[in-house]
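Below you'll find the structure, written out as structure tokens, and then a few comments.
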Amino acid sequence: MPTRDNAVAEEETTETSVVDGKVLRERVLSLARRITRLAEDDEDVEIEEPDLGHRLAMSVKPYVDRLVTLRHLLNPVGRIIEKREQIEELRDEIADDIATVEDASHDLGETVDFTLITELQTELAAVKRERKLFVEDDEEEEEDEDHDDDEDDDDVSLTDPADGKATVEDQEEGQEEKLPGGRRPFLERPLIERMRLVLGPRLIDLDRLAGILGGRLPDGEHELAEKRLERVWDGLMQIEQFSVHAKNEQLGPLRRALRDYVLLYRTAQLPHGDGEVPCSISELKDRMPSRFVGSSDRSLWYSGLQFYRESFSEGHWALLDRQYLNCTFKLPKIRLGLYARANQLPLQGMRQKSVLEDVYDRVIANAAMEAEFFDNCNSLTRTTYQQKDEPSKKQVHVYYRAGQIRISGKRGLPHWRPGKPRWPGVFPAIVFDQQVRD
């Protein structure tokens with residue numbers, strides 16, 4: 001039965017509890033602030049009561065973990081991307097292991113069943129997706145991923161929003177380019193200006209070529225380049241998403257789509273004194289020796305071969321991808337066909353580079369960008385050759401080593417090896433002008 005003394009005691013206890021609660025709350029907040037400041041680089045705070053801080057952290061941790069888990073469950077996209085990254089890493093690890101095993105298996109003769117290796121490579125290739133210019137929100141751009149004893153060597157998307165609309169930033173970027181000062185709409189501007197707005201420094205026109213090559217190109221090349229640039233634009237406008245963004249003045253998506261591409265003019269004639277000479281690997285090497293192996297023509301294994309001095313049939317524009325398509329599991333022709341289909345590009349416009357085209361592209365793009373523009377791989381060209389007294393042809397491939405352009409020849413694919421970690425690949429080169437001969 002409650003008494004007056006009990007009531008007074010309860011009242012005092014309640015007041016004490018309120019006071020203790022306020023004190024505890026203040027201490028908790030103070031510790032929380034101090035714990036938070038521990039993560040700051042500009043302040044070194046020492047906790048006065050580490051034991052209490054530890055107990056507090058451990059008591060809060062289960063609730064934090066639950067919130068993190070709940071947030072993770074409410075964000076399925078994050079989980080999908082995380083799993084996809086894990087799968088991609090696993091696939092690359094398996095591909096590396098297969099390349100190592102395949103390389104080692106050549107020394108084991110008939111004791112290794114090469115059919116099993118081929119089947120496994122085929123299964124891995126089935127899960128690879130082709131690189132695309134324009135990707136949806138739930139897609140990601142993928143970067144696709146050497147010599148034997150019988151080889152010759154130098155040494156002996158526009159992220160497109162799922163709803164089809166540009167983001168606020170994209171719209172603002174486009175508005176900045178089209179309206180201030182009464183400027184003309186994007187599609188009414190001169191063609192060369194449109195190209196510069198989209199590609200920026202990655203447009204290598206004849207004026208920039210003149211600076212790189214040390215002289216103005218012939219007037220005939222200027223007339224041809226201007227005429228054929230229109231065909232490049234017409235080809236880009238055949239890509240549905242490119243056309244939509246261009247017509248809607250959305251330059252942001254266009255720039256993002258082509259951020260890994262360079263558009264350059266492959267000139268058939270190089271300036272030389274008061275005239276010109278045909279563009280060839282030999283001429284390019286003489287003009288820019290630092291980009292090649294420092295050897296005389298006499299010591300180069302390919303100096304006597306036809307491709308060393310052959311030239312372009314005619315000048316033309318080429319849209320070049322910085323990334324290569326890995327050809328470990330698929331032939332270059334197949335990879336380029338899949339690439340063209342994925343990007344709504346004309347199949348006949350997808351060219352496997354010749355050795356001259358590959359070397360020229362590297363020399364010009366590297367000089368214009370002041371860096372190695374293309375990713376390194378054993379670039380498989382369509383050029384072949386046959387030395388005297390050899391039973392079959394070899395394929396020419398190009399790669400970087402120590403900042404220099406190297407040219408090698410080999411029968412079959414130059415596979416990845418631990419000592420020469422370069423994947424066999426092909427660089428997409430899009431020539432929209434169908435009148436250009438290979």
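Labeling convention for the structure tokens: chains A, B, ... as they appear, residues from 1 per chain, ligands from 1 in order of appearance.
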
Excluding Asp274 in chain A and any residue of its chain fewer than 5 positions from it, enumerate the residues within 12 Å of it, using only C-alpha atoms, and give them as a PDB file with C-alpha atoms, in the first residue's frame.
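Written out: out03.pdb:
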ATOM      1  CA  GLY A 215      53.521  21.355 -94.118  1.00  0.00           C
ATOM      2  CA  ARG A 216      50.203  22.043 -95.783  1.00  0.00           C
ATOM      3  CA  LEU A 217      48.617  19.107 -97.572  1.00  0.00           C
ATOM      4  CA  PRO A 218      47.933  19.384-101.327  1.00  0.00           C
TER       5      PRO A 218
END

**Request:** May I have the residues within 10 Å of Val363 in chain A as a PyMOL selection string, using only C-alpha atoms and disregarding those fewer than 5 positions away in the same chain?
**Result:** chain A and resi 212+281+284-285+288+291-292+357-358+368+372-373+404-405

Please dump the current selection as a compact mmCIF listing (two decimals), in the first residue's frame; keep C-alpha atoms.
# COMPACT_ATOMS: atom_id res chain seq x y z
CA ILE A 212 51.98 17.32 -87.34
CA ILE A 281 55.41 3.58 -93.30
CA LEU A 284 56.34 8.25 -91.62
CA LYS A 285 59.37 6.65 -89.98
CA MET A 288 58.98 10.86 -86.86
CA ARG A 291 58.00 6.91 -82.55
CA PHE A 292 59.66 3.87 -84.16
CA GLU A 357 46.54 2.20 -91.52
CA ASP A 358 47.42 0.93 -88.05
CA ALA A 368 47.73 15.08 -81.85
CA GLU A 372 49.51 6.89 -76.60
CA PHE A 373 45.90 7.07 -77.66
CA GLN A 404 57.57 2.92 -79.61
CA ILE A 405 55.59 1.33 -82.42

**Request:** Go through A:Arg351, A:Thr267, A:Glu249, A:Leu345 one by one, measure the shortest atom-to-atom distance of each to Asp205 in chain A using only C-alpha atoms, and give the residue with the smallest value.
**Result:** A:Thr267

**Item:** Contacts of Gln387 in chain A within 12 Å, only C-alpha atoms, excl. fewer than 4 positions in-chain, as number ranges by chain
**Value:** A: 150-152, 301-302, 304-306, 391-395, 409-410

**Prompt:** So how far away is CA of Arg202 in chain A from CA of Ala367 in chain A, in Å?
**Reply:** 11.4 Å

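Counting only C-alpha atoms, the residue from A:Leu264, A:Leu229, A:Tyr385, A:Leu413 that sits nearest to Arg208 in chain A is A:Leu264.
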
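Using only C-alpha atoms, the smallest distance between any of A:Asp207, A:Glu283, A:Asp297, A:Glu390 and Glu310 in chain A comes from A:Glu283.
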
**Request:** Once DSSP has gone over the backbone, tell me which residues of range 211-259 of chain A are in alpha helix (DSSP H), as JSON, numbers by chain.
**Result:** {"A": [211, 212, 213, 219, 220, 221, 222, 223, 224, 225, 226, 227, 228, 229, 230, 231, 232, 233, 234, 235, 236, 237, 240, 241, 242, 243, 244, 245, 246, 247, 251, 252, 253, 254, 255, 256, 257]}

**Fill in**
Computed gap from CA of Pro332 in chain A to CA of Arg417 in chain A is 19.6 Å

**Item:** Pick from A:Ala340, A:Val277, A:Met369, A:Leu380, whichever lies nearest to Thr328 in chain A using only C-alpha atoms
**Value:** A:Leu380

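Nearest residue to Leu251 in chain A among A:Tyr324, A:Arg196, A:Leu263, A:Thr384 is A:Arg196, counting only C-alpha atoms.
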
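Rounded to one decimal, CA of Ser282 in chain A and CA of Ala402 in chain A lie 20.5 Å from each other.
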